[in-house]
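Shown below: data12.txt, with compact mmCIF, C-alpha atoms and all ligand atoms.
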```txt
# COMPACT_ATOMS: atom_id res chain seq x y z
CA MET V 1069 -38.17 -114.44 80.57
CA SER V 1070 -35.66 -116.28 82.64
CA THR V 1071 -36.67 -119.88 81.98
CA SER V 1072 -34.73 -122.93 80.91
CA THR V 1073 -34.76 -124.18 77.35
CA GLU V 1074 -35.87 -127.66 78.38
CA SER V 1075 -39.10 -126.48 80.01
CA PRO V 1076 -40.80 -123.09 80.22
CA PHE V 1077 -42.20 -124.13 83.61
CA GLN V 1078 -38.86 -124.21 85.31
CA GLU V 1079 -36.74 -121.21 86.14
CA SER V 1080 -33.34 -120.84 84.44
CA GLN V 1081 -30.27 -122.50 85.87
CA GLU V 1082 -29.00 -119.02 86.77
CA ARG V 1083 -32.16 -118.17 88.73
CA ARG V 1084 -32.08 -121.49 90.56
CA GLU V 1085 -28.43 -120.93 91.45
CA LEU V 1086 -29.34 -117.45 92.71
CA ARG V 1087 -31.93 -119.03 95.01
CA VAL V 1088 -29.37 -121.49 96.38
CA GLN V 1089 -26.83 -118.74 97.10
CA VAL V 1090 -29.37 -116.42 98.76
CA ALA V 1091 -30.68 -119.29 100.89
CA LYS V 1092 -27.12 -120.08 101.96
CA LEU V 1093 -26.46 -116.47 102.94
CA ALA V 1094 -29.77 -116.09 104.83
CA GLY V 1095 -29.25 -119.48 106.48
CA LYS V 1096 -26.23 -118.05 108.32
CA TYR V 1097 -28.65 -115.69 110.08
CA GLY V 1098 -31.84 -117.77 110.39
CA ARG V 1099 -35.19 -117.42 112.11
CA GLU V 1100 -33.93 -117.43 115.68
CA TRP V 1101 -31.55 -114.54 114.97
CA PHE V 1102 -34.37 -112.66 113.22
CA THR V 1103 -36.91 -113.05 116.02
CA GLU V 1104 -34.34 -112.24 118.72
CA ARG V 1105 -33.62 -108.98 116.92
CA ALA V 1106 -37.32 -108.22 116.63
CA ARG V 1107 -38.07 -108.94 120.26
CA ALA V 1108 -35.10 -106.86 121.42
CA GLY V 1109 -36.23 -103.91 119.28
CA GLU V 1110 -33.13 -104.24 117.13
CA LYS V 1111 -32.72 -104.13 113.37
CA THR V 1112 -31.59 -106.62 110.76
CA THR V 1113 -29.19 -104.15 109.18
CA ASP V 1114 -26.32 -106.68 109.07
CA LEU V 1115 -28.31 -108.97 106.80
CA TRP V 1116 -29.63 -106.03 104.75
CA LEU V 1117 -26.12 -104.72 104.08
CA GLU V 1118 -24.74 -108.18 103.40
CA ILE V 1119 -27.32 -108.90 100.70
CA GLY V 1120 -26.56 -105.40 99.39
CA ARG V 1121 -22.83 -106.11 99.17
CA ALA V 1122 -23.49 -109.47 97.55
CA GLY V 1123 -25.47 -107.73 94.81
CA TYR V 1124 -28.80 -109.39 95.67
CA LEU V 1125 -30.61 -106.34 97.01
CA GLY V 1126 -30.10 -104.36 93.82
CA ILE V 1127 -30.29 -107.27 91.43
CA ASN V 1128 -33.17 -105.61 89.52
CA ILE V 1129 -31.52 -102.18 89.33
CA PRO V 1130 -29.72 -101.30 86.07
CA GLU V 1131 -26.00 -102.07 86.11
CA GLU V 1132 -24.95 -98.49 85.35
CA TYR V 1133 -26.42 -97.44 88.72
CA GLY V 1134 -24.79 -100.13 90.80
CA GLY V 1135 -27.36 -102.87 90.31
CA GLY V 1136 -27.33 -106.32 88.77
CA GLY V 1137 -29.31 -105.52 85.64
CA GLY V 1138 -31.83 -108.30 86.33
CA GLY V 1139 -35.60 -108.26 86.54
CA ILE V 1140 -38.41 -108.46 89.03
CA GLY V 1141 -38.23 -112.25 88.76
CA ASP V 1142 -34.72 -112.09 90.21
CA ILE V 1143 -35.49 -109.77 93.12
CA ALA V 1144 -38.65 -111.76 93.85
CA ALA V 1145 -36.55 -114.92 94.05
CA VAL V 1146 -34.21 -113.19 96.52
CA CYS V 1147 -37.17 -112.03 98.62
CA GLU V 1148 -38.71 -115.50 98.66
CA GLU V 1149 -35.50 -117.29 99.63
CA LEU V 1150 -34.85 -114.89 102.51
CA ALA V 1151 -38.35 -115.45 103.85
CA ALA V 1152 -38.03 -119.21 103.34
CA GLN V 1153 -35.05 -119.10 105.72
CA GLY V 1154 -37.20 -117.28 108.27
CA CYS V 1155 -35.77 -113.84 107.48
CA PRO V 1156 -38.54 -112.00 105.60
CA LEU V 1157 -37.42 -108.48 104.66
CA LEU V 1158 -40.47 -106.36 103.96
CA LEU V 1159 -38.35 -103.41 102.88
CA MET V 1160 -37.24 -105.39 99.85
CA VAL V 1161 -40.76 -104.99 98.53
CA VAL V 1162 -40.55 -101.26 99.04
CA SER V 1163 -37.00 -100.03 98.43
CA PRO V 1164 -35.56 -101.90 95.44
CA ALA V 1165 -38.80 -103.20 93.93
CA ILE V 1166 -41.21 -100.25 94.13
CA CYS V 1167 -38.93 -97.23 94.51
CA GLY V 1168 -36.09 -98.75 92.48
CA THR V 1169 -38.41 -99.62 89.61
CA ILE V 1170 -40.16 -96.24 89.50
CA ILE V 1171 -36.92 -94.25 89.66
CA SER V 1172 -35.21 -96.52 87.10
CA ARG V 1173 -38.11 -96.06 84.73
CA TYR V 1174 -39.07 -92.43 85.27
CA GLY V 1175 -36.25 -90.66 87.11
CA THR V 1176 -33.95 -88.18 85.41
CA GLU V 1177 -30.32 -89.13 84.91
CA VAL V 1178 -29.37 -87.05 87.94
CA GLN V 1179 -32.05 -88.66 90.12
CA LYS V 1180 -30.99 -92.16 89.09
CA GLN V 1181 -27.38 -91.43 89.93
CA ARG V 1182 -28.34 -89.90 93.25
CA TRP V 1183 -30.67 -92.58 94.59
CA LEU V 1184 -30.26 -95.90 92.80
CA PRO V 1185 -26.75 -96.89 93.99
CA GLY V 1186 -27.84 -96.53 97.66
CA ILE V 1187 -31.02 -98.49 97.02
CA ALA V 1188 -28.95 -101.19 95.32
CA ASP V 1189 -26.30 -101.65 98.02
CA GLY V 1190 -28.61 -101.03 100.96
CA THR V 1191 -26.90 -97.88 102.24
CA GLY V 1192 -29.68 -95.59 100.96
CA THR V 1193 -32.94 -97.38 101.66
CA MET V 1194 -36.12 -95.72 100.41
CA ALA V 1195 -39.57 -96.20 101.95
CA PHE V 1196 -42.83 -95.80 100.02
CA ALA V 1197 -45.88 -93.90 101.24
CA ILE V 1198 -49.25 -93.98 99.55
CA THR V 1199 -51.73 -95.05 102.27
CA GLU V 1200 -53.58 -92.33 104.16
CA PRO V 1201 -55.79 -92.61 107.25
CA ASP V 1202 -58.94 -91.25 105.60
CA ALA V 1203 -58.45 -92.70 102.12
CA GLY V 1204 -57.37 -96.25 103.07
CA THR V 1205 -57.86 -98.61 100.17
CA ASN V 1206 -59.36 -95.81 98.09
CA SER V 1207 -56.14 -94.14 96.96
CA HIS V 1208 -58.18 -91.88 94.70
CA ASN V 1209 -59.09 -90.01 97.88
CA ILE V 1210 -55.60 -89.17 99.04
CA THR V 1211 -55.26 -85.55 100.06
CA THR V 1212 -51.52 -85.12 100.59
CA THR V 1213 -50.90 -82.14 98.36
CA ALA V 1214 -47.93 -80.48 96.77
CA ARG V 1215 -48.00 -76.86 95.78
CA ARG V 1216 -45.38 -74.91 93.94
CA ASP V 1217 -43.64 -72.06 95.70
CA GLY V 1218 -41.12 -70.48 93.35
CA ASP V 1219 -38.63 -73.19 92.43
CA GLU V 1220 -39.69 -75.37 95.33
CA TRP V 1221 -42.50 -77.72 96.23
CA VAL V 1222 -44.31 -77.52 99.54
CA LEU V 1223 -45.79 -80.82 100.67
CA THR V 1224 -48.51 -81.30 103.30
CA GLY V 1225 -50.45 -84.38 104.39
CA ARG V 1226 -50.63 -87.50 106.52
CA LYS V 1227 -49.72 -91.11 105.78
CA ILE V 1228 -50.25 -94.28 107.74
CA TRP V 1229 -48.83 -97.82 108.01
CA ILE V 1230 -45.66 -96.72 106.26
CA SER V 1231 -43.00 -99.42 106.66
CA GLY V 1232 -39.40 -98.78 107.59
CA ILE V 1233 -39.29 -95.01 107.96
CA ASP V 1234 -36.71 -95.47 110.74
CA GLU V 1235 -34.45 -97.42 108.38
CA ALA V 1236 -34.85 -95.17 105.36
CA ASP V 1237 -32.98 -92.07 104.27
CA ASN V 1238 -35.82 -91.07 101.97
CA VAL V 1239 -39.42 -91.91 101.32
CA LEU V 1240 -41.14 -91.86 97.96
CA VAL V 1241 -44.41 -90.08 98.75
CA VAL V 1242 -47.49 -90.29 96.56
CA ALA V 1243 -49.19 -86.89 96.62
CA ARG V 1244 -51.39 -84.95 94.27
CA THR V 1245 -50.83 -81.58 92.79
CA GLU V 1246 -53.03 -78.91 94.26
CA ASP V 1247 -54.92 -78.08 91.07
CA ALA V 1248 -55.96 -81.70 90.62
CA ARG V 1249 -58.29 -81.74 93.60
CA THR V 1250 -61.46 -81.60 91.62
CA GLY V 1251 -61.81 -85.16 90.59
CA LYS V 1252 -59.56 -87.69 88.98
CA LEU V 1253 -56.53 -88.94 90.73
CA LYS V 1254 -53.48 -87.15 89.51
CA PRO V 1255 -50.75 -88.65 91.64
CA CYS V 1256 -47.29 -87.21 91.70
CA LEU V 1257 -44.30 -88.81 93.28
CA PHE V 1258 -41.84 -86.96 95.49
CA VAL V 1259 -38.66 -88.12 97.15
CA VAL V 1260 -38.73 -86.74 100.69
CA PRO V 1261 -35.74 -87.01 103.04
CA THR V 1262 -36.86 -88.55 106.33
CA ASP V 1263 -34.91 -85.87 108.23
CA ALA V 1264 -36.59 -82.95 106.42
CA ASP V 1265 -37.98 -80.09 108.50
CA GLY V 1266 -41.71 -80.64 109.00
CA PHE V 1267 -41.47 -84.42 108.48
CA GLU V 1268 -42.39 -86.50 111.53
CA ALA V 1269 -42.96 -90.23 111.96
CA HIS V 1270 -44.35 -92.17 114.92
CA ALA V 1271 -44.10 -95.93 115.18
CA ILE V 1272 -47.43 -97.76 115.44
CA PRO V 1273 -47.40 -100.57 118.01
CA MET V 1274 -48.03 -103.73 115.97
CA GLU V 1275 -48.49 -107.42 116.85
CA ILE V 1276 -46.14 -108.55 114.09
CA VAL V 1277 -42.85 -110.03 115.32
CA SER V 1278 -40.58 -108.11 112.98
CA PRO V 1279 -37.68 -105.69 113.23
CA GLU V 1280 -39.39 -103.68 110.48
CA LYS V 1281 -41.92 -101.22 111.90
CA GLN V 1282 -44.91 -99.33 110.54
CA PHE V 1283 -45.32 -95.59 111.04
CA GLN V 1284 -47.81 -92.81 111.04
CA VAL V 1285 -46.29 -89.93 109.12
CA PHE V 1286 -47.01 -86.22 109.44
CA ILE V 1287 -45.90 -84.02 106.56
CA ASP V 1288 -46.25 -80.41 107.55
CA ASP V 1289 -45.20 -77.84 104.93
CA VAL V 1290 -42.13 -79.82 103.96
CA ARG V 1291 -40.12 -77.83 101.42
CA LEU V 1292 -38.57 -79.79 98.60
CA PRO V 1293 -36.36 -78.78 95.70
CA ALA V 1294 -37.87 -78.82 92.19
CA ASP V 1295 -36.13 -82.08 91.36
CA ALA V 1296 -37.73 -83.96 94.27
CA LEU V 1297 -40.54 -84.67 91.80
CA VAL V 1298 -39.95 -88.04 90.12
CA GLY V 1299 -41.25 -88.32 86.59
CA ASP V 1300 -43.74 -86.16 84.79
CA GLU V 1301 -46.29 -84.15 86.78
CA ASP V 1302 -48.96 -85.25 84.30
CA GLY V 1303 -47.81 -88.83 83.86
CA GLY V 1304 -48.94 -89.83 87.36
CA LEU V 1305 -51.01 -92.99 87.14
CA VAL V 1306 -48.83 -94.83 84.65
CA GLN V 1307 -45.77 -94.03 86.74
CA LEU V 1308 -47.43 -95.24 89.90
CA PHE V 1309 -48.58 -98.47 88.27
CA ALA V 1310 -45.00 -99.15 87.22
CA GLY V 1311 -44.32 -99.72 90.91
CA LEU V 1312 -47.51 -101.57 91.80
CA ASN V 1313 -47.08 -104.74 89.76
CA PRO V 1314 -43.60 -105.29 91.20
CA GLU V 1315 -45.12 -104.60 94.63
CA ARG V 1316 -47.69 -107.38 94.21
CA ILE V 1317 -45.14 -109.83 92.78
CA MET V 1318 -42.80 -109.12 95.69
CA ALA V 1319 -45.61 -109.41 98.23
CA ALA V 1320 -46.48 -112.79 96.70
CA SER V 1321 -42.90 -114.02 96.97
CA PHE V 1322 -42.69 -112.73 100.54
CA SER V 1323 -45.78 -114.84 101.34
CA THR V 1324 -44.64 -117.97 99.53
CA GLY V 1325 -41.28 -117.72 101.30
CA LEU V 1326 -42.93 -117.48 104.71
CA ALA V 1327 -45.27 -120.32 103.77
CA ARG V 1328 -42.34 -122.53 102.81
CA PHE V 1329 -40.65 -121.72 106.09
CA ALA V 1330 -43.75 -122.63 108.11
CA LEU V 1331 -44.26 -125.84 106.16
CA ASP V 1332 -40.62 -126.92 106.47
CA ARG V 1333 -40.74 -126.48 110.23
CA ALA V 1334 -44.09 -128.28 110.47
CA ALA V 1335 -42.93 -131.24 108.37
CA ALA V 1336 -39.73 -131.56 110.41
CA TYR V 1337 -41.71 -131.51 113.66
CA ALA V 1338 -44.27 -134.02 112.33
CA LYS V 1339 -41.47 -136.48 111.55
CA GLU V 1340 -39.99 -136.24 115.03
CA ARG V 1341 -42.82 -135.85 117.48
CA THR V 1342 -44.26 -139.17 118.63
CA VAL V 1343 -47.10 -139.43 121.12
CA PHE V 1344 -48.71 -142.73 120.12
CA LYS V 1345 -46.70 -145.42 118.42
CA ASP V 1346 -45.69 -143.48 115.27
CA PRO V 1347 -44.58 -139.91 114.61
CA ILE V 1348 -47.59 -137.58 114.36
CA GLY V 1349 -46.87 -137.13 110.63
CA ALA V 1350 -48.10 -140.70 110.14
CA HIS V 1351 -51.62 -139.53 110.96
CA GLN V 1352 -53.41 -138.28 107.90
CA ALA V 1353 -55.06 -135.58 109.96
CA ILE V 1354 -51.60 -134.03 110.24
CA ALA V 1355 -50.10 -135.18 106.92
CA HIS V 1356 -52.90 -134.16 104.57
CA PRO V 1357 -53.17 -130.51 105.55
CA LEU V 1358 -49.39 -130.22 105.16
CA ALA V 1359 -49.52 -131.91 101.76
CA GLN V 1360 -52.34 -129.56 100.81
CA SER V 1361 -50.18 -126.60 101.80
CA HIS V 1362 -47.32 -127.89 99.69
CA ILE V 1363 -49.61 -127.99 96.67
CA GLU V 1364 -51.07 -124.55 97.34
CA ILE V 1365 -47.63 -123.02 97.83
CA GLU V 1366 -46.30 -124.52 94.60
CA LEU V 1367 -49.34 -123.22 92.68
CA ALA V 1368 -48.84 -119.74 94.12
CA ARG V 1369 -45.13 -119.83 93.28
CA LEU V 1370 -45.89 -120.82 89.71
CA MET V 1371 -48.29 -117.89 89.31
CA THR V 1372 -45.77 -115.54 90.92
CA GLN V 1373 -43.10 -116.67 88.48
CA LYS V 1374 -45.53 -116.22 85.60
CA ALA V 1375 -46.38 -112.68 86.73
CA ALA V 1376 -42.69 -111.81 87.03
CA ALA V 1377 -41.91 -113.29 83.63
CA LEU V 1378 -44.73 -111.28 82.00
CA TYR V 1379 -43.63 -108.11 83.76
CA ASP V 1380 -39.99 -108.59 82.78
CA ALA V 1381 -41.08 -109.23 79.18
CA GLY V 1382 -42.80 -105.83 79.16
CA ASP V 1383 -46.39 -107.13 79.20
CA ASP V 1384 -47.73 -104.78 81.88
CA LEU V 1385 -51.36 -105.68 81.26
CA GLY V 1386 -50.87 -109.44 81.44
CA ALA V 1387 -48.57 -108.96 84.42
CA GLY V 1388 -51.28 -106.94 86.21
CA GLU V 1389 -53.78 -109.77 86.21
CA ALA V 1390 -51.19 -112.43 87.02
CA ALA V 1391 -49.58 -110.33 89.79
CA ASN V 1392 -52.93 -109.80 91.49
CA MET V 1393 -53.80 -113.49 91.27
CA ALA V 1394 -50.35 -114.50 92.49
CA LYS V 1395 -50.56 -112.13 95.45
CA TYR V 1396 -53.99 -113.49 96.39
CA ALA V 1397 -52.99 -117.13 96.06
CA ALA V 1398 -49.72 -116.62 97.93
CA ALA V 1399 -51.35 -114.84 100.87
CA GLU V 1400 -54.02 -117.55 101.16
CA ALA V 1401 -51.43 -120.32 100.95
CA ALA V 1402 -49.27 -118.61 103.57
CA CYS V 1403 -52.12 -118.07 106.06
CA ASP V 1404 -53.17 -121.69 105.76
CA ALA V 1405 -49.60 -122.98 106.00
CA ALA V 1406 -48.95 -120.94 109.14
CA ASP V 1407 -52.18 -122.13 110.74
CA ARG V 1408 -51.41 -125.77 109.92
CA ALA V 1409 -47.84 -125.38 111.18
CA VAL V 1410 -49.15 -124.11 114.52
CA GLN V 1411 -51.62 -126.99 114.76
CA THR V 1412 -48.91 -129.53 113.95
CA HIS V 1413 -46.83 -128.20 116.83
CA GLY V 1414 -49.62 -128.58 119.39
CA GLY V 1415 -48.86 -126.49 122.48
CA ASN V 1416 -45.41 -125.74 121.16
CA GLY V 1417 -47.16 -124.01 118.28
CA ILE V 1418 -47.92 -121.06 120.47
CA SER V 1419 -44.70 -120.99 122.46
CA GLN V 1420 -42.09 -118.33 121.82
CA GLU V 1421 -39.44 -121.04 121.67
CA TYR V 1422 -40.88 -122.53 118.48
CA GLY V 1423 -41.86 -119.16 117.00
CA MET V 1424 -44.78 -120.51 114.98
CA ALA V 1425 -47.57 -118.32 116.34
CA GLY V 1426 -45.78 -115.16 115.22
CA LEU V 1427 -46.18 -116.43 111.68
CA LEU V 1428 -49.96 -116.22 112.01
CA VAL V 1429 -49.86 -112.44 112.13
CA ALA V 1430 -46.98 -112.08 109.68
CA THR V 1431 -48.77 -114.16 107.05
CA ARG V 1432 -52.14 -112.59 107.89
CA ALA V 1433 -50.75 -109.18 106.96
CA GLY V 1434 -50.41 -110.53 103.43
CA ARG V 1435 -54.19 -110.66 103.15
CA ILE V 1436 -54.37 -106.94 103.94
CA ALA V 1437 -51.29 -105.32 102.44
CA PRO V 1438 -50.15 -103.98 100.08
CA VAL V 1439 -53.54 -104.57 98.52
CA SER V 1440 -56.31 -106.43 100.30
CA ARG V 1441 -57.73 -109.74 99.16
CA GLU V 1442 -61.11 -108.04 98.63
CA MET V 1443 -59.62 -105.52 96.21
CA ILE V 1444 -57.95 -108.34 94.28
CA LEU V 1445 -61.27 -110.17 94.09
CA ASN V 1446 -62.83 -106.92 92.86
CA PHE V 1447 -60.11 -106.64 90.21
CA VAL V 1448 -60.55 -110.20 89.00
CA ALA V 1449 -64.36 -109.96 89.03
CA MET V 1450 -64.23 -106.80 86.92
CA HIS V 1451 -61.24 -107.29 84.65
CA SER V 1452 -61.05 -111.05 84.24
CA LEU V 1453 -64.78 -111.85 84.38
CA GLY V 1454 -66.24 -108.59 83.09
CA LEU V 1455 -68.59 -108.22 86.06
CA PRO V 1456 -69.90 -104.78 87.03
CA LYS V 1457 -67.89 -102.60 89.37
CA SER V 1458 -69.34 -102.87 92.86
CA TYR V 1459 -67.90 -99.74 94.47
C1 LIG J 1501 -47.74 -104.58 107.75
C2 LIG J 1501 -48.21 -103.48 106.85
C3 LIG J 1501 -47.28 -102.75 106.13
C4 LIG J 1501 -47.70 -101.71 105.30
N1 LIG J 1501 -46.75 -100.95 104.65
C5 LIG J 1501 -47.15 -99.90 103.89
C6 LIG J 1501 -46.18 -99.05 103.27
O1 LIG J 1501 -44.96 -99.25 103.40
N2 LIG J 1501 -46.62 -98.00 102.53
C7 LIG J 1501 -47.95 -97.74 102.36
O2 LIG J 1501 -48.27 -96.78 101.67
N3 LIG J 1501 -48.90 -98.52 102.95
C8 LIG J 1501 -48.53 -99.59 103.70
N4 LIG J 1501 -49.48 -100.38 104.31
C9 LIG J 1501 -50.90 -100.07 104.15
C10 LIG J 1501 -51.71 -101.07 103.35
O3 LIG J 1501 -51.44 -100.95 102.00
C11 LIG J 1501 -53.18 -100.83 103.72
O4 LIG J 1501 -53.35 -101.27 105.05
C12 LIG J 1501 -54.13 -101.53 102.80
O5 LIG J 1501 -54.09 -100.96 101.53
C13 LIG J 1501 -55.59 -101.48 103.33
O6 LIG J 1501 -55.95 -100.18 103.68
P1 LIG J 1501 -56.64 -99.89 105.10
O7 LIG J 1501 -55.78 -100.52 106.14
O8 LIG J 1501 -56.87 -98.43 105.22
O9 LIG J 1501 -58.01 -100.64 105.07
P2 LIG J 1501 -59.44 -100.04 104.61
O10 LIG J 1501 -59.30 -99.35 103.31
O11 LIG J 1501 -60.02 -99.30 105.74
O12 LIG J 1501 -60.25 -101.38 104.37
C14 LIG J 1501 -60.80 -102.15 105.45
C15 LIG J 1501 -61.40 -103.41 104.88
O13 LIG J 1501 -62.47 -103.09 103.98
C16 LIG J 1501 -62.28 -103.73 102.74
N5 LIG J 1501 -62.76 -102.90 101.63
C17 LIG J 1501 -62.57 -101.58 101.43
N6 LIG J 1501 -63.12 -101.19 100.27
C18 LIG J 1501 -63.68 -102.29 99.72
C19 LIG J 1501 -64.41 -102.55 98.53
N7 LIG J 1501 -64.66 -101.61 97.63
N8 LIG J 1501 -64.82 -103.81 98.30
C20 LIG J 1501 -64.58 -104.80 99.18
N9 LIG J 1501 -63.90 -104.61 100.33
C21 LIG J 1501 -63.46 -103.38 100.60
C22 LIG J 1501 -60.76 -103.92 102.63
O14 LIG J 1501 -60.43 -104.97 101.76
C23 LIG J 1501 -60.40 -104.23 104.08
O15 LIG J 1501 -60.61 -105.61 104.33
C24 LIG J 1501 -49.08 -101.43 105.14
C25 LIG J 1501 -50.01 -102.19 105.87
C26 LIG J 1501 -49.61 -103.20 106.72
C27 LIG J 1501 -50.63 -103.97 107.49
```
Mind turning this structure into structure tokens?
Amino acid sequence: MSTSTESPFQESQERRELRVQVAKLAGKYGREWFTERARAGEKTTDLWLEIGRAGYLGINIPEEYGGGGGGIGDIAAVCEELAAQGCPLLLMVVSPAICGTIISRYGTEVQKQRWLPGIADGTGTMAFAITEPDAGTNSHNITTTARRDGDEWVLTGRKIWISGIDEADNVLVVARTEDARTGKLKPCLFVVPTDADGFEAHAIPMEIVSPEKQFQVFIDDVRLPADALVGDEDGGLVQLFAGLNPERIMAASFSTGLARFALDRAAAYAKERTVFKDPIGAHQAIAHPLAQSHIEIELARLMTQKAAALYDAGDDLGAGEAANMAKYAAAEAACDAADRAVQTHGGNGISQEYGMAGLLVATRAGRIAPVSREMILNFVAMHSLGLPKSY
């Protein structure tokens, strides 16, 4: 656990310094640059590659594969600081944190050497595809199947809402082996090149102001070599879960970063804007909701750091509960912060110039993905409180 000796509730000096450096780098780009790119249909590749070169993108990847040898706490800090500067990079959740973790843990030596260096420096981004149109939240119902054909695998299925296919060389696809159709989920993970024959992706028009897009994916008899399978064919669930706790921790830090950004802008505006005799921040109706957001954000950050510390210490079970709670708290804090930031800005809150209204949708997505708030409440009701399963 990366905490200081003086207090276990404060991150280490090294982690805090990392945050400062990432914030400095992201600050050179900033929110206006990010939204201009998004509105023009352009990408944020410059920033992506710069954080890759600086070693921040692959900070959680083992050093022998081009990474920084750090933990999820480190990459989550990077993700949060980028978002706090108004440059949230969703693909950080996917490429280094989910795919990087799964391949680092379960890939063969050859697979690690092939994919991890590109994930770490940003030149070989990997998307992640589990969600399917008919299965939705119920991943046990996914039907994307892989069958063996000689030395090869043949993959068929459909995926939806998959982020960043247009920016990725490969996508880690969760499928199931054909003989496992009868009942229990037996997921298997395959690395699929996005330019493979039979692989098609169509962008879904979204209301989120972001250069990162979501896609519907059609996988039609895509032939893959034997070593496209990551990990053990029978080790499915455990391998998948290795990526899901990091996913929740990263999603939480993405939300807390956006929340901090919204709150910073709102507080700055509340200090400046005067319509009666004092700045609007002097009115408690404006000040209190912002103060409330500050408290909620700090609580969510603390839980996120706890989840990361447990995960990095190898306590997968403890990390599971904390990561779910952190993700819930962070998404709630972010939605409220964005809403309060819009209100603080009055009419400017919904102008493109101030860019606050776009945050409503961006933060709102955190209540839905990668796992919905309802499924987290289900998890906590069942696992933390011992209540019966409701579905
Ligand atoms: C911006 C964005 C990016 C995404 N990126 C990716 C990606 O890169 N890769 C990927 O694989 N997926 C991705 N997703 C998909 C995301 O994980 C799913 O949208 C999410 O899991 C919810 O699934 P669904 O949309 O099918 O909703 P549904 O499963 O249809 O659920 C609809 C509603 O019903 C509720 N519900 C369902 N079952 C229950 C229950 N048992 N109890 C209580 N409530 C229930 C849900 O909480 C939700 O509110 C992304 C989604 C978004 C919005």
Give, as lines of an AutoDock Vina configuration file, the centre coordinates and the x, y and z edge lengths in Å to one decimal for an axis-aligned box around all listed atoms of ligand LIG 1501 (chain J), padded by 8 Å on each side.
```
center_x = -54.9
center_y = -101.2
center_z = 102.7
size_x = 35.9
size_y = 24.8
size_z = 26.1
```
Distance criterion (only C-alpha atoms): nearest to Ala1437 (chain V) out of V:Lys1395, V:Lys1227, V:Arg1291, V:Arg1328: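 Selected residue with least distance to Ala1437 (chain V): V:Lys1395.
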Could the residues of chain V that have an atom at most 6 Å from ligand LIG 1501 (chain J) be listed as CSV, each with its closest atom pair and the distance in Å to one decimal, counting all atoms listed in the file and ordered by chain and ascending residue number?
```
residue,atom,partner,partner_atom,distance
V:Phe1196,CA,J:LIG1501,N2,5.1
V:Ala1197,CA,J:LIG1501,O2,3.8
V:Ile1198,CA,J:LIG1501,O2,3.6
V:Thr1199,CA,J:LIG1501,O2,3.9
V:Gly1204,CA,J:LIG1501,O8,3.1
V:Thr1205,CA,J:LIG1501,O10,3.5
V:Trp1229,CA,J:LIG1501,N4,4.5
V:Ile1230,CA,J:LIG1501,C6,3.8
V:Ser1231,CA,J:LIG1501,O1,3.8
V:Ala1433,CA,J:LIG1501,C27,5.2
V:Ile1436,CA,J:LIG1501,C12,5.5
V:Ala1437,CA,J:LIG1501,C10,4.4
V:Pro1438,CA,J:LIG1501,O3,3.8
V:Val1439,CA,J:LIG1501,O5,4.7
V:Ser1440,CA,J:LIG1501,O14,4.6
V:Glu1442,CA,J:LIG1501,O14,4.4
V:Met1443,CA,J:LIG1501,O14,5.6
V:Tyr1459,CA,J:LIG1501,N7,4.9
```
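Proximity ranking of V:Gly1388, V:Gly1138, V:Gly1414, V:Gly1299 relative to Gln1179 (chain V) places V:Gly1299 first, based on only C-alpha atoms.
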Distance of CA of Pro1273 (chain V) from CA of Met1194 (chain V), expressed in Å to one decimal place: 21.5 Å
Among the residues V:Ala1106, V:Ala1122, V:Ala1195, V:Ala1398, the one that comes closest to Gly1232 (chain V) [using only C-alpha atoms]: V:Ala1195
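One distance worth recording is that between CA of Thr1211 (chain V) and CA of Leu1308 (chain V), which is 16.1 Å.
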Gly1136 (chain V) environment, 7 Å, only C-alpha atoms, sequence neighbours closer than 4 positions dropped, as a count of residues only: 7
Selection near Gln1181 (chain V), 10 Å with all atoms listed in the file, sequence-local residues under 4 positions removed, as a ChimeraX atom specification: /V:1132-1134,1171-1172,1175-1177,1185-1186
Asp1380 (chain V) environment, 9 Å, all atoms listed in the file, sequence neighbours closer than 4 positions dropped, as a PyMOL selection string: chain V and resi 1069-1070+1138-1141+1375-1376+1384+1387
Separation of CA of Arg1107 (chain V) from CA of Ser1278 (chain V), in Å and rounded to one decimal: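 Calculated distance between CA of Arg1107 (chain V) and CA of Ser1278 (chain V) is 7.7 Å.
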